[in-house]
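Trainee: File data.cif follows (mmCIF, C-alpha atoms and all ligand atoms):
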data_my_file
#
loop_
_atom_site.label_atom_id
_atom_site.label_comp_id
_atom_site.auth_asym_id
_atom_site.auth_seq_id
_atom_site.Cartn_x
_atom_site.Cartn_y
_atom_site.Cartn_z
CA MET A 1 0.00 0.00 0.00
CA THR A 2 1.19 3.56 -0.72
CA GLU A 3 2.92 5.35 2.12
CA ALA A 4 1.13 8.66 2.77
CA LEU A 5 3.63 9.89 5.33
CA ALA A 6 7.10 8.57 6.05
CA ILE A 7 9.14 10.12 8.84
CA ARG A 8 12.71 8.99 9.43
CA GLY A 9 14.92 10.03 12.34
CA LEU A 10 13.23 13.38 12.83
CA SER A 11 14.25 15.65 15.70
CA LYS A 12 13.54 19.23 16.67
CA THR A 13 15.29 21.20 19.37
CA TYR A 14 14.26 24.62 20.69
CA GLY A 15 17.25 26.01 22.55
CA THR A 16 17.82 23.34 25.15
CA VAL A 17 14.39 21.72 24.77
CA ARG A 18 14.33 18.54 22.70
CA ALA A 19 10.69 18.79 21.51
CA VAL A 20 10.89 15.84 19.11
CA SER A 21 13.57 13.24 19.47
CA GLY A 22 14.54 10.91 16.64
CA ILE A 23 11.05 9.91 15.55
CA SER A 24 10.50 7.44 12.73
CA LEU A 25 7.07 6.31 11.62
CA SER A 26 5.10 5.40 8.58
CA ILE A 27 1.43 6.04 7.82
CA LYS A 28 -0.15 4.22 4.90
CA ALA A 29 -2.60 5.90 2.55
CA GLY A 30 -6.11 5.53 3.92
CA GLU A 31 -5.04 4.92 7.52
CA ARG A 32 -6.56 6.86 10.39
CA VAL A 33 -4.11 7.60 13.11
CA ALA A 34 -4.61 9.47 16.36
CA LEU A 35 -1.66 11.14 18.05
CA ILE A 36 -1.98 11.43 21.80
CA GLY A 37 0.25 12.63 24.59
CA ALA A 38 0.23 14.84 27.64
CA SER A 39 0.74 18.56 27.24
CA GLY A 40 4.25 19.35 26.01
CA SER A 41 4.94 15.82 24.75
CA GLY A 42 5.71 17.11 21.22
CA LYS A 43 2.50 16.42 19.28
CA SER A 44 2.17 19.88 17.68
CA THR A 45 5.85 20.04 16.85
CA MET A 46 5.67 16.61 15.22
CA MET A 47 2.64 17.57 13.15
CA ARG A 48 4.20 20.82 11.97
CA LEU A 49 7.34 18.95 11.01
CA ALA A 50 5.24 16.37 9.16
CA SER A 51 3.44 19.13 7.21
CA GLY A 52 6.55 21.09 6.30
CA LEU A 53 5.50 24.07 8.44
CA LEU A 54 8.65 23.61 10.47
CA VAL A 55 11.98 22.00 9.64
CA GLY A 56 13.75 19.46 11.80
CA ASP A 57 17.29 19.65 13.11
CA ALA A 58 20.03 19.36 10.50
CA ASP A 59 21.08 15.89 11.55
CA GLY A 60 19.57 13.63 8.95
CA GLY A 61 15.84 13.58 9.60
CA GLU A 62 13.48 13.33 6.66
CA VAL A 63 9.75 13.62 5.94
CA ARG A 64 8.20 12.18 2.78
CA VAL A 65 4.63 12.86 1.72
CA PHE A 66 3.37 10.26 -0.76
CA GLY A 67 6.96 9.43 -1.58
CA GLU A 68 8.19 12.99 -2.09
CA ALA A 69 10.60 14.56 0.40
CA ILE A 70 9.05 17.72 1.85
CA GLN A 71 12.08 18.19 4.09
CA SER A 72 15.38 16.51 4.77
CA ASN A 73 18.50 17.27 6.81
CA GLY A 74 16.88 20.35 8.36
CA LYS A 75 15.99 21.89 5.01
CA LEU A 76 12.65 22.38 3.34
CA SER A 77 12.38 21.03 -0.19
CA GLY A 78 12.11 23.57 -3.01
CA ASP A 79 8.86 21.79 -3.88
CA ALA A 80 7.43 22.07 -0.36
CA ARG A 81 4.55 24.36 -1.39
CA ARG A 82 3.40 21.97 -4.08
CA ILE A 83 3.80 18.90 -1.87
CA ARG A 84 1.98 20.65 0.98
CA ARG A 85 -1.10 21.00 -1.23
CA ARG A 86 -1.68 17.28 -0.71
CA ILE A 87 -2.03 17.96 3.03
CA GLY A 88 -5.13 19.58 4.48
CA LEU A 89 -4.20 21.38 7.68
CA ILE A 90 -6.75 21.75 10.43
CA PHE A 91 -5.97 23.69 13.60
CA GLN A 92 -7.57 24.02 16.98
CA LYS A 93 -8.55 27.63 16.30
CA PHE A 94 -9.96 26.98 12.80
CA ASN A 95 -7.71 29.42 10.91
CA LEU A 96 -10.47 31.11 8.95
CA VAL A 97 -10.43 34.76 7.99
CA ASN A 98 -13.20 36.07 10.22
CA ARG A 99 -14.45 38.98 8.15
CA MET A 100 -14.66 36.98 4.92
CA SER A 101 -17.64 34.87 3.91
CA VAL A 102 -17.70 31.16 4.50
CA LEU A 103 -17.66 30.67 0.73
CA SER A 104 -14.50 32.80 0.29
CA ASN A 105 -12.79 30.92 3.08
CA VAL A 106 -13.67 27.57 1.53
CA LEU A 107 -12.58 28.75 -1.94
CA VAL A 108 -9.11 29.42 -0.52
CA GLY A 109 -8.66 25.68 -0.89
CA SER A 110 -8.60 26.05 -4.68
CA LEU A 111 -5.98 28.83 -4.78
CA GLY A 112 -3.11 26.40 -5.15
CA ARG A 113 -4.63 25.05 -8.39
CA ILE A 114 -5.64 28.18 -10.27
CA SER A 115 -3.35 30.68 -11.96
CA ALA A 116 -2.01 33.62 -9.96
CA LEU A 117 -3.90 36.00 -12.26
CA ARG A 118 -7.24 34.28 -11.76
CA GLY A 119 -6.59 34.13 -8.04
CA THR A 120 -5.68 37.82 -7.91
CA LEU A 121 -8.83 38.81 -9.77
CA GLY A 122 -11.04 36.45 -7.78
CA MET A 123 -11.98 34.73 -11.05
CA PHE A 124 -13.06 31.41 -9.66
CA GLU A 125 -14.59 29.15 -12.25
CA HIS A 126 -18.01 27.62 -11.97
CA ALA A 127 -16.28 24.30 -11.17
CA ASP A 128 -14.43 25.89 -8.21
CA ARG A 129 -17.66 27.28 -6.78
CA GLU A 130 -19.41 23.99 -7.37
CA ALA A 131 -16.60 22.15 -5.55
CA ALA A 132 -16.93 24.63 -2.65
CA TRP A 133 -20.68 24.08 -2.53
CA LEU A 134 -20.29 20.32 -2.59
CA ALA A 135 -17.69 20.46 0.19
CA MET A 136 -19.98 22.65 2.30
CA THR A 137 -22.86 20.21 1.85
CA GLN A 138 -20.56 17.34 2.84
CA VAL A 139 -19.84 19.01 6.17
CA GLY A 140 -23.36 20.41 6.59
CA ILE A 141 -22.74 24.16 6.49
CA GLU A 142 -24.20 25.04 3.06
CA GLN A 143 -26.94 27.14 4.67
CA HIS A 144 -24.24 29.51 5.99
CA ILE A 145 -22.47 30.06 2.68
CA TYR A 146 -22.68 33.87 2.59
CA LYS A 147 -22.28 34.52 6.32
CA ARG A 148 -19.04 35.92 7.65
CA ALA A 149 -16.92 33.16 9.13
CA GLU A 150 -17.00 34.88 12.52
CA ALA A 151 -20.81 34.51 12.62
CA LEU A 152 -20.51 30.72 12.78
CA SER A 153 -20.23 28.63 15.92
CA GLY A 154 -16.90 26.98 16.70
CA GLY A 155 -18.08 23.62 15.40
CA GLN A 156 -19.38 25.19 12.17
CA GLN A 157 -16.08 27.05 11.70
CA GLN A 158 -14.14 23.85 12.12
CA ARG A 159 -16.40 22.21 9.54
CA ALA A 160 -15.70 25.14 7.17
CA ALA A 161 -11.99 24.48 7.66
CA ILE A 162 -12.59 20.84 6.71
CA ALA A 163 -14.54 21.99 3.62
CA ARG A 164 -11.55 24.13 2.64
CA ALA A 165 -9.32 21.04 2.88
CA LEU A 166 -11.77 19.15 0.65
CA VAL A 167 -11.72 21.91 -1.98
CA GLN A 168 -7.94 21.74 -1.78
CA ARG A 169 -8.36 18.04 -2.67
CA ALA A 170 -6.24 17.10 0.30
CA GLU A 171 -5.24 13.45 0.35
CA ILE A 172 -4.13 13.53 3.96
CA ILE A 173 -5.63 15.64 6.72
CA VAL A 174 -3.27 16.64 9.50
CA ALA A 175 -5.39 18.04 12.32
CA ASP A 176 -3.80 19.49 15.44
CA GLU A 177 -6.28 19.20 18.30
CA PRO A 178 -9.27 19.95 16.04
CA ILE A 179 -11.82 19.46 18.81
CA ALA A 180 -10.03 21.02 21.77
CA SER A 181 -12.08 24.25 21.56
CA LEU A 182 -15.43 22.58 20.91
CA ASP A 183 -18.31 21.44 23.09
CA PRO A 184 -18.83 17.63 23.18
CA LYS A 185 -21.69 17.64 20.63
CA SER A 186 -19.74 19.72 18.08
CA ALA A 187 -16.60 17.69 18.77
CA LYS A 188 -18.48 14.47 18.01
CA ARG A 189 -19.83 15.90 14.75
CA VAL A 190 -16.35 16.99 13.61
CA MET A 191 -14.91 13.58 14.46
CA GLU A 192 -17.74 11.84 12.60
CA ILE A 193 -17.15 13.97 9.51
CA LEU A 194 -13.40 13.26 9.52
CA SER A 195 -14.07 9.60 10.01
CA LYS A 196 -16.59 9.50 7.15
CA LEU A 197 -14.16 11.28 4.80
CA ASN A 198 -11.63 8.60 5.62
CA ARG A 199 -14.09 5.77 4.97
CA THR A 200 -15.75 7.14 1.85
CA GLN A 201 -12.95 9.07 0.16
CA GLY A 202 -9.91 7.29 1.54
CA ILE A 203 -8.47 10.50 3.00
CA THR A 204 -5.64 9.60 5.36
CA LEU A 205 -6.01 11.07 8.85
CA LEU A 206 -3.38 12.12 11.37
CA VAL A 207 -5.20 13.80 14.24
CA SER A 208 -3.80 14.88 17.58
CA LEU A 209 -6.13 14.64 20.53
CA HIS A 210 -5.98 15.35 24.21
CA GLN A 211 -8.73 12.90 25.07
CA VAL A 212 -8.09 9.25 24.64
CA ASP A 213 -11.82 8.44 24.55
CA TYR A 214 -12.06 10.05 21.12
CA ALA A 215 -8.97 8.18 19.94
CA ARG A 216 -10.58 4.89 20.97
CA ALA A 217 -13.93 5.77 19.38
CA TYR A 218 -12.73 6.96 15.98
CA PHE A 219 -9.26 5.59 15.26
CA ASP A 220 -7.77 2.19 14.54
CA ARG A 221 -4.22 3.11 15.31
CA VAL A 222 -2.87 5.36 18.03
CA ILE A 223 0.61 6.82 18.36
CA ALA A 224 1.40 8.00 21.87
CA MET A 225 4.19 10.50 22.53
CA ARG A 226 6.05 11.29 25.71
CA ALA A 227 8.92 13.79 26.03
CA GLY A 228 9.36 13.99 22.25
CA GLU A 229 9.45 10.24 21.67
CA VAL A 230 6.97 7.67 20.44
CA VAL A 231 6.22 5.41 23.41
CA PHE A 232 3.36 3.44 21.87
CA ASP A 233 2.20 2.73 18.34
CA GLY A 234 -0.61 0.23 18.06
CA PRO A 235 -4.31 -0.50 18.22
CA ALA A 236 -6.50 2.05 19.99
CA ALA A 237 -8.18 -0.72 21.97
CA LYS A 238 -4.95 -1.30 23.93
CA LEU A 239 -5.13 2.13 25.52
CA THR A 240 -6.84 1.20 28.74
CA PRO A 241 -6.61 3.59 31.72
CA ALA A 242 -4.16 1.16 33.36
CA PHE A 243 -1.89 1.12 30.29
CA LEU A 244 -2.04 4.93 30.04
CA THR A 245 -1.06 5.25 33.68
CA GLU A 246 1.85 2.91 33.00
CA LEU A 247 2.90 5.16 30.07
CA TYR A 248 2.35 8.56 31.60
CA GLY A 249 2.11 8.15 35.38
CA ALA A 250 0.14 11.03 36.93
CA SER A 251 -0.07 12.94 33.61
CA ALA A 252 -2.36 10.17 32.31
CA GLU A 253 -5.24 11.92 34.07
CA GLU A 254 -5.39 14.68 31.48
CA LEU A 255 -5.86 12.07 28.77
CA ILE A 256 -8.30 9.87 30.64
CA LEU A 257 -10.64 12.51 31.99
CA PRO A 258 -12.03 14.63 29.15
CA GLY A 259 -12.10 18.36 29.65
CA GLN A 260 -9.67 18.46 32.57
CA THR A 261 -6.99 20.35 30.71
CA GLU A 262 -8.44 22.42 27.92
CA ALA A 263 -5.50 23.54 25.80
CA THR A 264 -4.71 27.23 26.06
CA PRO A 265 -5.87 28.92 22.84
CA VAL A 266 -2.58 30.57 22.01
CA MET A 267 -1.74 31.10 18.34
CA ASP A 268 1.83 30.21 17.61
CA PRO A 269 3.94 31.88 14.90
CA ALA A 270 3.57 29.03 12.38
CA ILE A 271 -0.21 29.20 12.58
CA ILE A 272 -0.23 33.00 12.39
CA ASP A 273 1.86 32.68 9.24
CA VAL A 274 -0.64 30.32 7.62
CA THR A 275 -3.51 32.66 8.58
CA ARG A 276 -1.64 35.64 7.17
CA ASN A 277 -1.10 33.82 3.89
CA HIS A 278 -4.80 32.96 3.71
CA ALA A 279 -5.72 36.55 4.52
CA ALA A 280 -3.34 37.93 1.88
CA GLU A 281 -4.68 35.49 -0.69
CA LEU A 282 -8.25 36.37 0.20
CA ALA A 283 -7.55 40.09 0.12
CA ARG A 284 -6.32 39.61 -3.43
CA VAL A 285 -9.36 37.65 -4.53
CA ASN A 286 -11.99 39.86 -2.92
N1 LIG A 301 8.36 27.73 19.44
C1 LIG A 301 8.83 27.11 20.52
N2 LIG A 301 9.88 27.62 21.20
C2 LIG A 301 10.38 26.98 22.27
N3 LIG A 301 9.90 25.82 22.78
C3 LIG A 301 8.86 25.27 22.14
C4 LIG A 301 8.26 25.88 20.99
N4 LIG A 301 7.24 25.10 20.58
C5 LIG A 301 7.19 24.04 21.45
N5 LIG A 301 8.16 24.15 22.38
C6 LIG A 301 8.44 23.19 23.45
O1 LIG A 301 8.55 21.90 22.86
C7 LIG A 301 7.92 20.92 23.67
C8 LIG A 301 6.83 20.22 22.86
O2 LIG A 301 5.80 21.16 22.59
P1 LIG A 301 4.55 20.82 21.68
O3 LIG A 301 3.73 22.06 21.56
O4 LIG A 301 4.99 20.16 20.46
O5 LIG A 301 3.78 19.75 22.61
P2 LIG A 301 2.27 19.24 22.56
O6 LIG A 301 2.30 17.80 22.89
O7 LIG A 301 1.66 19.63 21.27
O8 LIG A 301 1.60 20.07 23.74
P3 LIG A 301 0.07 20.54 23.92
O9 LIG A 301 -0.74 19.31 24.02
O10 LIG A 301 0.10 21.32 25.20
O11 LIG A 301 -0.27 21.36 22.73
C9 LIG A 301 7.39 21.65 24.90
O12 LIG A 301 8.36 21.53 25.91
C10 LIG A 301 7.28 23.08 24.44
O13 LIG A 301 7.43 23.98 25.51
#
With the file now loaded, output its structure as structure tokens.
Mentor:
Amino acid sequence: MTEALAIRGLSKTYGTVRAVSGISLSIKAGERVALIGASGSGKSTMMRLASGLLVGDADGGEVRVFGEAIQSNGKLSGDARRIRRRIGLIFQKFNLVNRMSVLSNVLVGSLGRISALRGTLGMFEHADREAAWLAMTQVGIEQHIYKRAEALSGGQQQRAAIARALVQRAEIIVADEPIASLDPKSAKRVMEILSKLNRTQGITLLVSLHQVDYARAYFDRVIAMRAGEVVFDGPAAKLTPAFLTELYGASAEELILPGQTEATPVMDPAIIDVTRNHAAELARVN
């Protein structure tokens, strides 16, 4: 089976903090993989490295997306932008441009495919708009098409972000704590949509979660991180409370008891960069 994501010997150090330490893993096309770990275990860093939003240390690590190196030896590939189009990025804080319509936000997904001129003039073709409409119906937000993104609930905004990834024709969705800011009902809906996209369209999923219950309910395979390393990679069913306590000691509580440690909604520089790019692209097309 095709390898969607191949990570070999990847590390990332911030000053004296070893955020990711020599990770190697492989995710096959069509797999759904949850990434769990206590706060600070390296999940976000790993996902940014995997998506080419961040480069690893210059000591031999490599990330391949569908066979193409997006980064190696601490350097981003010259083709990183093109390769990254195969990855749909979903963040905890949705990353929509608030003052733009839901439609415009979803159409951003097609910007990588159309010419710069058409993008600049906002000349989306009928097919682009149709794809945006279809994606919005798939996630159930078509009735909000002309509303500003900021007028939507958190769950609806996250679904708009998923629709944008669909318009982008993402083959793998890398979602960094996509449900951490949502109420349980909205969280369940988002997880069901991601799961359905995996089943019906074969979209590969790599999703980080704070709550192991969701990992067990929606994923076949779970990768658990601790202090920058992979400490478990196997079936979700194995993650019993006793096993989690063995892996994490007292920190297991934040994974076992949902809602105990809501992640702080701080935007980091990489995410701000992505938002800025979307905003600049949207400003050009509107
Ligand atoms: N930009 C940065 N500068 C310095 N240190 C960082 C930076 N980003 C992450 N770190 C550190 O790297 C380690 C891993 O952080 P990371 O955000 O990847 O963990 P996480 O598992 O995603 O945590 P959380 O669940 O709280 O989001 C932590 O010790 C963190 O403080």
Trainee: Can you tell me which residues sit at most 6 Å away from ligand LIG 301 (chain A), counting only C-alpha atoms and all ligand atoms, written as a compact mmCIF listing (two decimals) with C-alpha atoms, keeping the file's coordinate frame?
Mentor:
# COMPACT_ATOMS: atom_id res chain seq x y z
CA TYR A 14 14.26 24.62 20.69
CA ALA A 19 10.69 18.79 21.51
CA GLY A 37 0.25 12.63 24.59
CA ALA A 38 0.23 14.84 27.64
CA SER A 39 0.74 18.56 27.24
CA GLY A 40 4.25 19.35 26.01
CA SER A 41 4.94 15.82 24.75
CA GLY A 42 5.71 17.11 21.22
CA LYS A 43 2.50 16.42 19.28
CA SER A 44 2.17 19.88 17.68
CA THR A 45 5.85 20.04 16.85
Trainee: Please compute the CA of Leu197 (chain A)-CA of Gly88 (chain A) distance, one decimal, in Å.
Mentor: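 Distance reported for this atom pair: 12.3 Å.
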Trainee: Please, what is the axis-aligned box for every listed atom of region 69-72 of chain A with 8 Å on each side, as centre and edge lengths in Å to one decimal, as JSON?
Mentor:
{"center_x": 12.2, "center_y": 16.4, "center_z": 2.6, "size_x": 22.3, "size_y": 19.6, "size_z": 20.4}
Trainee: At what distance in Å, to one decimal, does CA of Gly74 (chain A) lie from CA of Gly60 (chain A)?
Mentor: 7.3 Å
Trainee: What is the CA of Val174 (chain A) to CA of Val33 (chain A) distance in Å?
Mentor: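 Going from CA of Val174 (chain A) over to CA of Val33 (chain A) covers 9.8 Å.
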Trainee: Here is a test: counting all atoms listed in the file, which residue of A:Arg164, A:Lys188, A:Arg84, A:Arg221 is nearest to Leu205 (chain A)?
Mentor: A:Arg221
Trainee: Using all atoms listed in the file, which residue out of A:Gln201, A:Ser51, A:Gln92, A:Gln138 lies closest to Gln157 (chain A)?
Mentor: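 Nearest candidate to Gln157 (chain A) out of A:Gln201, A:Ser51, A:Gln92, A:Gln138: A:Gln92.
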Trainee: Which residues are close to Ala149 (chain A), i.e. within 8 Å by only C-alpha atoms, leaving aside same-chain residues fewer than 2 positions away? Reply as a PyMOL selection string.
Mentor: chain A and resi 96-102+105+147+151-152+157
Trainee: Looking at all atoms listed in the file, which of A:Ser24, A:Ser186, A:Ser110, A:Thr204 is the one that sits closest to Val139 (chain A)?
Mentor: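 Counting all atoms listed in the file, the residue closest to Val139 (chain A) is A:Ser186.
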Trainee: Quick one: residues within 12 Å of Val106 (chain A), all atoms listed in the file counted, chain neighbours fewer than 3 positions away excluded, as an MDAnalysis selection string?
Mentor: chainID A and resid 94:97 100:103 109:111 124 128:137 139 141:142 144:146 148:149 157:169 278 282
Trainee: Name the closest residue to Ile173 (chain A) among the candidates A:Leu194, A:Arg113, A:Ala69, A:Phe232; distances are taken between atoms, counting all atoms listed in the file.
Mentor: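 For Ile173 (chain A), the nearest of the candidates is A:Leu194.
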